[in-house]
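Heads up, the thing below is written out as C-alpha cells.
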2 protein chains.
Amino acid sequence: MADITIGLHGGAGALPRDQLSEAEWAQARADMKAALLAGWKILRAGGTALDAVEACVIVLEDSPHFNAGHGAALNADGEHELDAAIMDGATFRAGALAGVRRIRNPISAARRLLEQDDTVLLGGAAGDAFAAGEGLAMVDPAYFTTERRVKALASLKARALAGTVAQASEGEKHGTVGAVARDSRGNLAAATSTGGFNNKPVGRIGDSPIIGAGTYAENGIAAVSGTGRGEVFIRRVAAHEVAARIRLGGAEIGKAAHGVIHDVLSPHGIGAGMIALGAAGDPVAPYNTLGMHRGWITTAGAIFAGSHEDMVAMGLAP
Amino acid sequence: MADITIGLHGGAGALPRDQLSEAEWAQARADMKAALLAGWKILRAGGTALDAVEACVIVLEDSPHFNAGHGAALNADGEHELDAAIMDGATFRAGALAGVRRIRNPISAARRLLEQDDTVLLGGAAGDAFAAGEGLAMVDPAYFTTERRVKALASLKARALAGTVAQASEGEKHGTVGAVARDSRGNLAAATSTGGFNNKPVGRIGDSPIIGAGTYAENGIAAVSGTGRGEVFIRRVAAHEVAARIRLGGAEIGKAAHGVIHDVLSPHGIGAGMIALGAAGDPVAPYNTLGMHRGWITTAGAIFAGSHEDMVAMGLAP
C-alpha cells in the first residue's frame, strides 16, 4: 500500500513577487487548496489517482487565476485554443485534445477519450464535437476570456511591435495547470490543461496534450505534468525523460525532475517547471523561472502552496 | 567521422505475401530504392542527415505505393488529414504538422517549421496556411487520393458494419513512411509522414507528428521513425524510449529497438515497426506485423529492400 498524495502546478508563469498583489495571491492560493482537496477527497475515499487528477484540474480550469479553461490565454487572433491531456500510469491509457474551443472542462473530455481506449489525441473541431457527443458542458468561447488575458494579449502585441517580447514577464507569456497523484493502491496519474501562451500562433499545439512531453504517468516510476515553454518540453520529451531517468538510470524522483529542468531544459532557455511524483513520497516541483504556482498535500496530510521560493503551510487535509 | 547511412520504412502495413503482386512489390521496391538514393546523394556530397531524410521522404510521399502524400489513407469522412514530423538530432530542433490537407509534401512544411526554431507543432488549417505562406507546393486534396485507398476505405467501412475490422489486413489498416540518416559528421536525423490509417476518426492525430512517439533523433544515441498503431507509440513514447534505453540503459541500438517493439509495444497488440539508427553501424528495422516495407543503404554502400522476412539486395550505391 502506497501513501496517497497529490500535487499541482498553476503555471511556471508566476508574476514577479512585486507584481503579484497579496489579494490575487490569496485567491490563487485558495483555489489551489480547493483543487488539492477535491483530489484528496477522492484519494481518501479509496478512489483512483486518475479520478483525483481530473477533479483537481477541473477546479483549476474553473478558476480565473490560472491559464486553463476560464482564464485561458488568447492566441494571436484573440481567440482561445485549449489543450489538455490525462494519463493513467496503471494502464498507460491516455486521452488528449489539442486546439479545442468550446469545452468548458477540456480535462474531462480528455478523460472520456482515455476511457474509449482507442484514439489518444484529437485535434480542433473534432475534439469539440467529441465532447459535445459525450454530453459534456459546452460554452461560448467568451466564457474563457478574462480581463487579465485581454490586457496581456494587448501588451504582448505592443511588445511584439516594439521588439521587447523577451522582456515580458513570464506571467504574461506562460502558464498551464497540471496535477499528479498517487492513490492507495499505488497507481499514478497525471493531467495537464492549458490555454497555451498569450499571443501564440493560431494552430500552435504545445506540450500539454503531448504524452511524454508535458504529461506522463507510469506506475512504479513517476507521474509528471510540465509547464513553461512547451516547444522545449516537446523537443526534449521532458516528462518521459524524467521517468526514463528513474526506470533506466536509477535516479530518484527529485534528482530526475531537477536534472530534466536544470540540465536538459535550461540550456534551451529559461521557462520551465513541473510537478512530479515518484512511486513513494511527496511531490517535487523544480522550476527555472522566477516563480511557479504550485501546491501539494503530503503523505502526512499537510497542505502546502507557494508561488515563489517559500511554501505556505495551509493546514491539514481532512 | 562517422560512416554515412540511410534507412527508411514504407509502413508496417505490408500486405500478406500472397496478396502482394510481384508487379506492385517491384514498383514499391523501385520507389524505395529511389528514395534511399535521393538521401544518399546528399550524404555522399557531405550534406546533412536532416536534408537527406527530407529528400528521402519526399520521394515516398510522391509515390502512390505508400500511405503518405500521394497515396495517403482516407479518414472516416473520405478525406485526407496528413501528419508529418522531422527532427535534427544535432540541435533537438523539430517541426511537425497534424491534420493538414493541401500540402503536396508535408515533410517539407515540417522542415520549414523546424528552421523557424519556434513553434514545433501546428495543427489543421494553420499548417496549410503556414506552408502556403512559405511558398511550398499546394494541391487539391484529390491529388492525394488513389484507387487503392478508396477501395480500402469502402472495405473497412463494410467490415465496421459487419464487425470484422480485426480481420482486416494490416495493409488496409496501417502504413506510414519514415527515414533515418547519419551524415559524415555523425549527425542523426529522423522524418516521418503519413495519412494515418484508413477510416480513421476525423481529427485523430497519430504518433508520426509527435516528437518522442513516432519520430525522434538525438546525436550520439539514435534516430527513430515508427509505423503502426500510433496510439500505442504515443502511450509508450516509443521513439524516445529507444533512445533512453541506449543513453540511460546502456543498450545497443538493435537490442533497444527490438526491445521496444517486442517487449513494450507488442503486449498492447500487434501492429508496430520502426526504422532506427544508432551512433554507428547500419539501420535496424524490427516489426511485429506480417511484414514491413523497409530499405537501407549500409555504411558499405549496399542497397537493400524488403517487405517480409528476407531483404533483397539492390546493388551498390554510387
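To be explicit about the labels: the chains of the C-alpha cells are called A, B, and onward in the order shown, and within each one the residues are counted from 1, while ligands get numbers from 1 in the order they are shown.
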
Distance limit 6 Å, atoms considered: only C-alpha atoms. Which chain A residues sit that close to chain B? Return them as a tab-separated table (two decimals) with N, CA, C and O atoms, in the first residue's frame.
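Output contents, as saved in selection34.tsv:
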```tsv
chain	number	residue	atom	x	y	z
A	92	PHE	N	-1.22	2.80	-18.88
A	92	PHE	CA	-0.66	3.59	-19.98
A	92	PHE	C	-1.76	4.13	-20.90
A	92	PHE	O	-1.47	4.55	-22.02
A	120	VAL	N	-6.07	8.48	-29.02
A	120	VAL	CA	-5.47	9.17	-27.87
A	120	VAL	C	-5.59	10.68	-28.02
A	120	VAL	O	-5.90	11.38	-27.06
A	121	LEU	N	-5.33	11.19	-29.22
A	121	LEU	CA	-5.24	12.64	-29.41
A	121	LEU	C	-6.18	13.09	-30.53
A	121	LEU	O	-6.09	12.61	-31.66
A	122	LEU	N	-7.06	14.03	-30.20
A	122	LEU	CA	-7.98	14.61	-31.17
A	122	LEU	C	-7.66	16.09	-31.33
A	122	LEU	O	-7.47	16.79	-30.33
A	123	GLY	N	-7.67	16.57	-32.57
A	123	GLY	CA	-7.34	17.97	-32.82
A	123	GLY	C	-8.53	18.79	-33.28
A	123	GLY	O	-9.39	18.29	-34.01
A	126	ALA	N	-12.90	18.52	-34.14
A	126	ALA	CA	-13.26	17.13	-33.83
A	126	ALA	C	-13.27	16.90	-32.32
A	126	ALA	O	-14.07	16.10	-31.82
A	203	GLY	N	-3.27	27.77	-34.20
A	203	GLY	CA	-2.99	26.39	-34.59
A	203	GLY	C	-1.81	25.75	-33.90
A	203	GLY	O	-1.58	24.55	-34.04
A	204	ARG	N	-1.06	26.55	-33.12
A	204	ARG	CA	0.10	26.00	-32.41
A	204	ARG	C	-0.37	25.03	-31.34
A	204	ARG	O	-1.24	25.33	-30.53
A	205	ILE	N	0.22	23.84	-31.32
A	205	ILE	CA	-0.06	22.85	-30.30
A	205	ILE	C	1.17	22.75	-29.40
A	205	ILE	O	2.28	22.59	-29.89
A	212	GLY	N	4.30	12.25	-22.89
A	212	GLY	CA	5.77	12.16	-22.89
A	212	GLY	C	6.44	13.51	-22.86
A	212	GLY	O	7.55	13.64	-22.37
A	231	GLU	N	7.53	24.13	-26.45
A	231	GLU	CA	8.34	23.60	-27.55
A	231	GLU	C	9.58	22.87	-27.02
A	231	GLU	O	10.00	21.86	-27.59
A	235	ARG	N	10.60	18.98	-27.68
A	235	ARG	CA	11.87	18.59	-28.30
A	235	ARG	C	12.70	17.67	-27.41
A	235	ARG	O	13.41	16.80	-27.91
A	237	VAL	N	11.29	15.77	-24.95
A	237	VAL	CA	10.43	14.69	-24.44
A	237	VAL	C	10.56	14.64	-22.92
A	237	VAL	O	10.84	13.60	-22.31
A	248	LEU	N	15.42	3.62	-16.01
A	248	LEU	CA	16.61	3.10	-16.70
A	248	LEU	C	17.90	3.61	-16.08
A	248	LEU	O	18.93	2.95	-16.16
A	249	GLY	N	17.85	4.80	-15.49
A	249	GLY	CA	19.07	5.42	-14.97
A	249	GLY	C	19.24	5.27	-13.47
A	249	GLY	O	20.28	5.66	-12.93
```

So that I can see what lies close to Val53 (chain B), please list as a list in words the residues with an atom at most 7 Å from it, counting only C-alpha atoms and leaving out residues fewer than 4 positions away in the same chain. Gly39, Ala49, Val57, Ala179, Val180, Ala181, Ala189, Ala190 and Ala191 of chain B

Take the residues from that selection and put them in a file with N, CA, C and O atoms, as an mmCIF file, in the first residue's frame.
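Result went into out31.cif, see below:
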```
data_model
loop_
_atom_site.group_PDB
_atom_site.id
_atom_site.type_symbol
_atom_site.label_atom_id
_atom_site.label_comp_id
_atom_site.auth_asym_id
_atom_site.auth_seq_id
_atom_site.Cartn_x
_atom_site.Cartn_y
_atom_site.Cartn_z
ATOM 1 N N GLY B 39 18.416 10.447 -50.690
ATOM 2 C CA GLY B 39 19.091 10.839 -49.451
ATOM 3 C C GLY B 39 20.590 10.577 -49.503
ATOM 4 O O GLY B 39 21.402 11.397 -49.063
ATOM 5 N N ALA B 49 22.302 15.018 -42.495
ATOM 6 C CA ALA B 49 21.310 13.960 -42.282
ATOM 7 C C ALA B 49 19.908 14.543 -42.397
ATOM 8 O O ALA B 49 18.989 13.883 -42.913
ATOM 9 N N VAL B 57 12.055 11.179 -47.785
ATOM 10 C CA VAL B 57 10.611 11.102 -47.514
ATOM 11 C C VAL B 57 9.805 11.765 -48.632
ATOM 12 O O VAL B 57 8.695 11.319 -48.952
ATOM 13 N N ALA B 179 12.120 7.958 -42.461
ATOM 14 C CA ALA B 179 13.535 7.788 -42.794
ATOM 15 C C ALA B 179 14.408 8.224 -41.633
ATOM 16 O O ALA B 179 14.028 9.097 -40.841
ATOM 17 N N VAL B 180 15.558 7.591 -41.545
ATOM 18 C CA VAL B 180 16.593 7.972 -40.572
ATOM 19 C C VAL B 180 17.917 8.028 -41.321
ATOM 20 O O VAL B 180 18.125 7.276 -42.275
ATOM 21 N N ALA B 181 18.781 8.923 -40.906
ATOM 22 C CA ALA B 181 20.080 9.015 -41.581
ATOM 23 C C ALA B 181 21.157 9.503 -40.625
ATOM 24 O O ALA B 181 20.874 10.142 -39.614
ATOM 25 N N ALA B 189 19.316 12.258 -37.965
ATOM 26 C CA ALA B 189 18.029 12.913 -38.201
ATOM 27 C C ALA B 189 16.972 11.858 -38.474
ATOM 28 O O ALA B 189 17.286 10.747 -38.909
ATOM 29 N N ALA B 190 15.725 12.226 -38.219
ATOM 30 C CA ALA B 190 14.597 11.324 -38.464
ATOM 31 C C ALA B 190 13.445 12.120 -39.063
ATOM 32 O O ALA B 190 13.271 13.306 -38.764
ATOM 33 N N ALA B 191 12.662 11.465 -39.915
ATOM 34 C CA ALA B 191 11.494 12.100 -40.527
ATOM 35 C C ALA B 191 10.408 11.056 -40.733
ATOM 36 O O ALA B 191 10.711 9.905 -41.053
#
```

Return the single residue from A:Gly269, A:Gly281, A:Gly315, A:Pro286 that is closest to Val242 (chain A), with distances computed using only C-alpha atoms.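 For Val242 (chain A), the nearest of the candidates is A:Pro286.
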
I want to know what sits within 12 Å of Val284 (chain B), based on only C-alpha atoms, with residues of the same chain fewer than 3 positions away left out; could you give that as a VMD selection string? chain B and resid 5 to 9 179 to 181 222 to 226 242 252 to 258 261 273 to 278 280 to 281 287 294 to 298 304

Write the residues of the selection above to a file with N, CA, C and O atoms, as a tab-separated table (two decimals), in the first residue's frame.
```tsv
chain	number	residue	atom	x	y	z
B	5	THR	N	24.96	6.62	-43.59
B	5	THR	CA	23.98	5.56	-43.85
B	5	THR	C	22.58	6.16	-43.83
B	5	THR	O	22.36	7.22	-43.24
B	6	ILE	N	21.67	5.49	-44.50
B	6	ILE	CA	20.28	5.94	-44.53
B	6	ILE	C	19.37	4.72	-44.55
B	6	ILE	O	19.70	3.69	-45.14
B	7	GLY	N	18.24	4.85	-43.85
B	7	GLY	CA	17.26	3.76	-43.84
B	7	GLY	C	15.86	4.34	-43.92
B	7	GLY	O	15.63	5.50	-43.57
B	8	LEU	N	14.93	3.55	-44.39
B	8	LEU	CA	13.54	4.01	-44.46
B	8	LEU	C	12.60	2.86	-44.17
B	8	LEU	O	12.95	1.69	-44.24
B	9	HIS	N	11.37	3.23	-43.80
B	9	HIS	CA	10.30	2.24	-43.80
B	9	HIS	C	9.17	2.80	-44.65
B	9	HIS	O	9.02	4.01	-44.81
B	179	ALA	N	12.12	7.96	-42.46
B	179	ALA	CA	13.54	7.79	-42.79
B	179	ALA	C	14.41	8.22	-41.63
B	179	ALA	O	14.03	9.10	-40.84
B	180	VAL	N	15.56	7.59	-41.55
B	180	VAL	CA	16.59	7.97	-40.57
B	180	VAL	C	17.92	8.03	-41.32
B	180	VAL	O	18.13	7.28	-42.28
B	181	ALA	N	18.78	8.92	-40.91
B	181	ALA	CA	20.08	9.02	-41.58
B	181	ALA	C	21.16	9.50	-40.63
B	181	ALA	O	20.87	10.14	-39.61
B	222	ALA	N	20.54	7.88	-31.13
B	222	ALA	CA	19.67	7.17	-32.07
B	222	ALA	C	18.80	8.12	-32.88
B	222	ALA	O	18.53	9.25	-32.45
B	223	ALA	N	18.39	7.65	-34.04
B	223	ALA	CA	17.32	8.27	-34.83
B	223	ALA	C	16.28	7.19	-35.08
B	223	ALA	O	16.64	6.06	-35.42
B	224	VAL	N	15.00	7.55	-34.91
B	224	VAL	CA	13.94	6.55	-34.96
B	224	VAL	C	12.72	7.11	-35.70
B	224	VAL	O	12.33	8.25	-35.48
B	225	SER	N	12.15	6.29	-36.58
B	225	SER	CA	10.84	6.61	-37.17
B	225	SER	C	9.96	5.38	-37.06
B	225	SER	O	10.35	4.29	-37.48
B	226	GLY	N	8.77	5.55	-36.51
B	226	GLY	CA	7.88	4.42	-36.25
B	226	GLY	C	6.77	4.29	-37.27
B	226	GLY	O	6.49	5.21	-38.04
B	242	VAL	N	13.43	4.17	-27.17
B	242	VAL	CA	14.60	3.55	-27.80
B	242	VAL	C	15.86	4.32	-27.41
B	242	VAL	O	16.85	3.74	-26.97
B	252	GLU	N	22.56	-1.44	-26.84
B	252	GLU	CA	22.96	-1.03	-28.19
B	252	GLU	C	21.68	-0.92	-29.02
B	252	GLU	O	20.62	-1.39	-28.61
B	253	ILE	N	21.78	-0.28	-30.19
B	253	ILE	CA	20.59	0.09	-30.96
B	253	ILE	C	19.69	-1.09	-31.32
B	253	ILE	O	18.46	-1.00	-31.22
B	254	GLY	N	20.29	-2.21	-31.72
B	254	GLY	CA	19.48	-3.35	-32.12
B	254	GLY	C	18.64	-3.88	-30.98
B	254	GLY	O	17.44	-4.14	-31.12
B	255	LYS	N	19.28	-3.99	-29.82
B	255	LYS	CA	18.57	-4.51	-28.65
B	255	LYS	C	17.51	-3.51	-28.18
B	255	LYS	O	16.41	-3.89	-27.78
B	256	ALA	N	17.85	-2.22	-28.23
B	256	ALA	CA	16.90	-1.19	-27.78
B	256	ALA	C	15.66	-1.17	-28.68
B	256	ALA	O	14.52	-1.17	-28.19
B	257	ALA	N	15.87	-1.17	-29.98
B	257	ALA	CA	14.74	-1.09	-30.92
B	257	ALA	C	13.90	-2.36	-30.85
B	257	ALA	O	12.66	-2.31	-30.80
B	258	HIS	N	14.55	-3.52	-30.83
B	258	HIS	CA	13.85	-4.80	-30.73
B	258	HIS	C	13.06	-4.85	-29.42
B	258	HIS	O	11.88	-5.27	-29.40
B	261	ILE	N	9.85	-2.66	-29.61
B	261	ILE	CA	8.80	-3.27	-30.43
B	261	ILE	C	8.20	-4.50	-29.75
B	261	ILE	O	6.98	-4.60	-29.60
B	273	GLY	N	6.20	-1.24	-35.99
B	273	GLY	CA	7.52	-1.43	-36.57
B	273	GLY	C	8.27	-0.11	-36.55
B	273	GLY	O	7.68	0.93	-36.26
B	274	MET	N	9.54	-0.17	-36.82
B	274	MET	CA	10.31	1.08	-36.87
B	274	MET	C	11.60	0.88	-37.67
B	274	MET	O	12.07	-0.24	-37.84
B	275	ILE	N	12.11	1.99	-38.18
B	275	ILE	CA	13.46	2.01	-38.71
B	275	ILE	C	14.26	2.85	-37.72
B	275	ILE	O	13.80	3.90	-37.28
B	276	ALA	N	15.42	2.35	-37.33
B	276	ALA	CA	16.20	3.04	-36.30
B	276	ALA	C	17.68	2.92	-36.62
B	276	ALA	O	18.12	1.97	-37.28
B	277	LEU	N	18.40	3.89	-36.13
B	277	LEU	CA	19.81	4.01	-36.46
B	277	LEU	C	20.54	4.46	-35.20
B	277	LEU	O	20.04	5.33	-34.48
B	278	GLY	N	21.71	3.85	-34.94
B	278	GLY	CA	22.49	4.26	-33.78
B	278	GLY	C	23.58	5.23	-34.18
B	278	GLY	O	23.62	5.73	-35.30
B	280	ALA	N	26.55	4.59	-34.71
B	280	ALA	CA	27.42	3.96	-35.70
B	280	ALA	C	26.72	2.73	-36.26
B	280	ALA	O	25.75	2.26	-35.67
B	281	GLY	N	27.19	2.22	-37.38
B	281	GLY	CA	26.63	0.99	-37.92
B	281	GLY	C	25.39	1.20	-38.77
B	281	GLY	O	24.99	2.33	-39.03
B	287	TYR	N	9.91	-5.32	-36.39
B	287	TYR	CA	8.45	-5.16	-36.53
B	287	TYR	C	7.77	-6.40	-36.01
B	287	TYR	O	8.38	-7.47	-35.96
B	294	ARG	N	10.64	-1.80	-46.08
B	294	ARG	CA	11.80	-1.15	-45.47
B	294	ARG	C	12.99	-1.27	-46.40
B	294	ARG	O	13.02	-2.14	-47.29
B	295	GLY	N	13.95	-0.42	-46.20
B	295	GLY	CA	15.14	-0.49	-47.01
B	295	GLY	C	16.24	0.34	-46.38
B	295	GLY	O	15.97	1.17	-45.51
B	296	TRP	N	17.48	0.09	-46.79
B	296	TRP	CA	18.57	0.91	-46.28
B	296	TRP	C	19.76	0.81	-47.21
B	296	TRP	O	19.84	-0.06	-48.08
B	297	ILE	N	20.67	1.72	-47.04
B	297	ILE	CA	21.97	1.64	-47.69
B	297	ILE	C	22.99	1.53	-46.56
B	297	ILE	O	23.05	2.39	-45.69
B	298	THR	N	23.73	0.44	-46.57
B	298	THR	CA	24.68	0.18	-45.48
B	298	THR	C	25.85	1.15	-45.55
B	298	THR	O	26.05	1.84	-46.56
B	304	PHE	N	19.60	-2.37	-49.84
B	304	PHE	CA	18.70	-3.49	-49.56
B	304	PHE	C	17.27	-2.98	-49.42
B	304	PHE	O	17.05	-1.87	-48.95
```

Which residue gives the smallest distance to Gly13 (chain A) among A:Ser208, A:Thr215, A:Asn105, A:Thr176, with only C-alpha atoms counted?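 Ranking A:Ser208, A:Thr215, A:Asn105, A:Thr176 by distance to Gly13 (chain A), first place goes to A:Thr176.
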
Neighbours of region 73-79 of chain A within 10 Å (only C-alpha atoms; same-chain residues fewer than 4 positions away dropped), as a PyMOL selection string? chain A and resi 66-69+101+141-142+144-146+148-150+152-154+156-157+172-176+194-204

Would you output that residue set with N, CA and C atoms, as an mmCIF file, in the first residue's frame?
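What follows is the written file selection.cif:
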```cif
data_model
loop_
_atom_site.group_PDB
_atom_site.id
_atom_site.type_symbol
_atom_site.label_atom_id
_atom_site.label_comp_id
_atom_site.auth_asym_id
_atom_site.auth_seq_id
_atom_site.Cartn_x
_atom_site.Cartn_y
_atom_site.Cartn_z
ATOM 1 N N PHE A 66 -5.839 30.993 -13.293
ATOM 2 C CA PHE A 66 -4.881 30.130 -13.975
ATOM 3 C C PHE A 66 -5.194 30.053 -15.463
ATOM 4 N N ASN A 67 -4.144 29.786 -16.233
ATOM 5 C CA ASN A 67 -4.256 29.767 -17.686
ATOM 6 C C ASN A 67 -4.737 28.405 -18.183
ATOM 7 N N ALA A 68 -6.004 28.144 -17.976
ATOM 8 C CA ALA A 68 -6.654 26.906 -18.432
ATOM 9 C C ALA A 68 -8.137 27.098 -18.224
ATOM 10 N N GLY A 69 -8.963 26.613 -19.131
ATOM 11 C CA GLY A 69 -10.406 26.815 -19.010
ATOM 12 C C GLY A 69 -10.714 28.294 -18.858
ATOM 13 N N ARG A 101 -12.173 24.579 -28.528
ATOM 14 C CA ARG A 101 -12.627 25.959 -28.343
ATOM 15 C C ARG A 101 -13.893 26.121 -27.519
ATOM 16 N N PRO A 141 -17.119 30.556 -26.457
ATOM 17 C CA PRO A 141 -15.703 30.839 -26.184
ATOM 18 C C PRO A 141 -15.484 32.045 -25.256
ATOM 19 N N ALA A 142 -16.435 32.987 -25.250
ATOM 20 C CA ALA A 142 -16.291 34.166 -24.385
ATOM 21 C C ALA A 142 -16.216 33.780 -22.915
ATOM 22 N N PHE A 144 -14.334 31.717 -21.575
ATOM 23 C CA PHE A 144 -12.937 31.523 -21.156
ATOM 24 C C PHE A 144 -12.191 32.844 -20.942
ATOM 25 N N THR A 145 -12.729 33.923 -21.503
ATOM 26 C CA THR A 145 -11.984 35.190 -21.551
ATOM 27 C C THR A 145 -12.072 35.989 -20.251
ATOM 28 N N THR A 146 -10.924 36.391 -19.742
ATOM 29 C CA THR A 146 -10.882 37.274 -18.576
ATOM 30 C C THR A 146 -10.157 38.558 -18.958
ATOM 31 N N ARG A 148 -7.733 40.041 -17.551
ATOM 32 C CA ARG A 148 -6.274 39.942 -17.475
ATOM 33 C C ARG A 148 -5.658 39.449 -18.776
ATOM 34 N N ARG A 149 -6.305 38.446 -19.377
ATOM 35 C CA ARG A 149 -5.738 37.875 -20.619
ATOM 36 C C ARG A 149 -5.893 38.838 -21.788
ATOM 37 N N VAL A 150 -6.981 39.590 -21.806
ATOM 38 C CA VAL A 150 -7.170 40.587 -22.865
ATOM 39 C C VAL A 150 -6.057 41.637 -22.767
ATOM 40 N N ALA A 152 -3.131 41.205 -21.311
ATOM 41 C CA ALA A 152 -1.841 40.560 -21.585
ATOM 42 C C ALA A 152 -1.617 40.436 -23.090
ATOM 43 N N LEU A 153 -2.690 40.112 -23.819
ATOM 44 C CA LEU A 153 -2.561 39.984 -25.275
ATOM 45 C C LEU A 153 -2.203 41.336 -25.882
ATOM 46 N N ALA A 154 -2.886 42.384 -25.438
ATOM 47 C CA ALA A 154 -2.599 43.728 -25.960
ATOM 48 C C ALA A 154 -1.161 44.119 -25.641
ATOM 49 N N LEU A 156 1.400 42.110 -25.105
ATOM 50 C CA LEU A 156 2.362 41.321 -25.878
ATOM 51 C C LEU A 156 2.369 41.732 -27.346
ATOM 52 N N LYS A 157 1.210 42.120 -27.868
ATOM 53 C CA LYS A 157 1.187 42.593 -29.252
ATOM 54 C C LYS A 157 1.980 43.897 -29.372
ATOM 55 N N GLU A 172 3.056 37.020 -18.256
ATOM 56 C CA GLU A 172 2.373 37.392 -19.493
ATOM 57 C C GLU A 172 2.500 36.281 -20.528
ATOM 58 N N LYS A 173 3.650 35.589 -20.493
ATOM 59 C CA LYS A 173 3.957 34.662 -21.579
ATOM 60 C C LYS A 173 3.427 33.251 -21.373
ATOM 61 N N HIS A 174 3.553 32.750 -20.158
ATOM 62 C CA HIS A 174 3.296 31.324 -19.973
ATOM 63 C C HIS A 174 2.140 31.023 -19.029
ATOM 64 N N GLY A 175 2.129 29.791 -18.555
ATOM 65 C CA GLY A 175 1.118 29.346 -17.611
ATOM 66 C C GLY A 175 0.388 28.152 -18.169
ATOM 67 N N THR A 176 0.013 27.267 -17.297
ATOM 68 C CA THR A 176 -0.603 25.976 -17.595
ATOM 69 C C THR A 176 -0.977 25.437 -16.226
ATOM 70 N N THR A 194 -4.344 23.667 -20.511
ATOM 71 C CA THR A 194 -3.757 24.985 -20.760
ATOM 72 C C THR A 194 -4.451 25.738 -21.879
ATOM 73 N N GLY A 195 -4.289 27.038 -21.834
ATOM 74 C CA GLY A 195 -4.676 27.877 -22.962
ATOM 75 C C GLY A 195 -3.482 28.189 -23.845
ATOM 76 N N GLY A 196 -2.354 27.554 -23.535
ATOM 77 C CA GLY A 196 -1.124 27.842 -24.287
ATOM 78 C C GLY A 196 -0.484 29.102 -23.736
ATOM 79 N N PHE A 197 -0.033 29.971 -24.604
ATOM 80 C CA PHE A 197 0.518 31.234 -24.101
ATOM 81 C C PHE A 197 -0.119 32.398 -24.855
ATOM 82 N N ASN A 198 -0.102 33.559 -24.230
ATOM 83 C CA ASN A 198 -0.713 34.739 -24.828
ATOM 84 C C ASN A 198 -0.041 35.080 -26.149
ATOM 85 N N ASN A 199 -0.879 35.377 -27.147
ATOM 86 C CA ASN A 199 -0.373 35.756 -28.475
ATOM 87 C C ASN A 199 0.293 34.585 -29.207
ATOM 88 N N LYS A 200 -0.041 33.365 -28.825
ATOM 89 C CA LYS A 200 0.538 32.196 -29.504
ATOM 90 C C LYS A 200 0.016 32.139 -30.938
ATOM 91 N N PRO A 201 0.803 31.560 -31.834
ATOM 92 C CA PRO A 201 0.329 31.421 -33.220
ATOM 93 C C PRO A 201 -0.952 30.586 -33.266
ATOM 94 N N VAL A 202 -1.862 30.964 -34.133
ATOM 95 C CA VAL A 202 -3.085 30.181 -34.333
ATOM 96 C C VAL A 202 -2.677 28.772 -34.788
ATOM 97 N N GLY A 203 -3.272 27.767 -34.195
ATOM 98 C CA GLY A 203 -2.995 26.390 -34.592
ATOM 99 C C GLY A 203 -1.810 25.752 -33.895
ATOM 100 N N ARG A 204 -1.063 26.550 -33.123
ATOM 101 C CA ARG A 204 0.096 26.002 -32.408
ATOM 102 C C ARG A 204 -0.371 25.027 -31.338
#
```

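Nearest to Asp183 (chain A) of all the residues A:Pro64, A:Gly163, A:Gly220, A:Pro267 is A:Gly220, based on only C-alpha atoms.
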
Using DSSP secondary structure from the backbone, list all helix (DSSP H, G or I) positions within region 77-260 of chain A, as a ChimeraX atom specification. /A:106-116,125-133,141-144,147-162,165-167,170-173,230-236,238-247,253-260

If I take CA of Gln116 (chain B) and CA of Pro209 (chain B), how far is one from the other in Å, to one decimal? 16.7 Å

Need to verify the contact set: Ala90 (chain A), 7 Å, only C-alpha atoms, exclusion of same-chain residues closer than 6 positions in sequence. Can you return it as an NGL selection string? :A and (187-188 or 218-219)

Just to be explicit: take each residue in the selection above, keep C-alpha atoms, and write the result as a short mmCIF file (atom, residue, chain, number, x, y, z; two decimals), in the first residue's frame.
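That gives us result_13.cif:
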```
data_model
loop_
_atom_site.label_atom_id
_atom_site.label_comp_id
_atom_site.auth_asym_id
_atom_site.auth_seq_id
_atom_site.Cartn_x
_atom_site.Cartn_y
_atom_site.Cartn_z
CA ASN A 187 -1.40 3.90 -9.03
CA LEU A 188 -0.02 7.10 -10.51
CA GLU A 218 3.92 5.23 -15.32
CA ASN A 219 3.10 3.14 -12.27
#
```

Go through A:Asp128, A:Ala251, A:Ile4, A:Val177 one by one, measure the shortest atom-to-atom distance of each to Ala45 (chain A) using only C-alpha atoms, and give the residue with the smallest value.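 Of A:Asp128, A:Ala251, A:Ile4, A:Val177, the one nearest Ala45 (chain A) is A:Ile4, counting only C-alpha atoms.
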
Find the residues around Asp3 (chain A) up to 10 Å (only C-alpha atoms counted), leave out those fewer than 3 positions away in its own chain, and share them as a list in words.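 Surrounding residues, per the criterion: Leu43, Arg182, Asp183, Ser184, Arg185, Gly186, Ala279, Ala280, Gly281, Asp282, Thr298, Thr299, Ala300 and Gly301 of chain A.
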
Give me, as JSON, numbers by chain, the residues of region 20-217 of chain A that a backbone DSSP run labels strand (DSSP E or B). {"A": [75, 82, 83, 84, 85, 86, 87, 88, 93, 94, 95, 96, 97, 98, 99, 100, 103, 121, 122, 123, 138, 177, 178, 179, 180, 181, 182, 188, 189, 190, 191, 192, 193, 194, 200, 204, 205, 211, 215, 216, 217]}
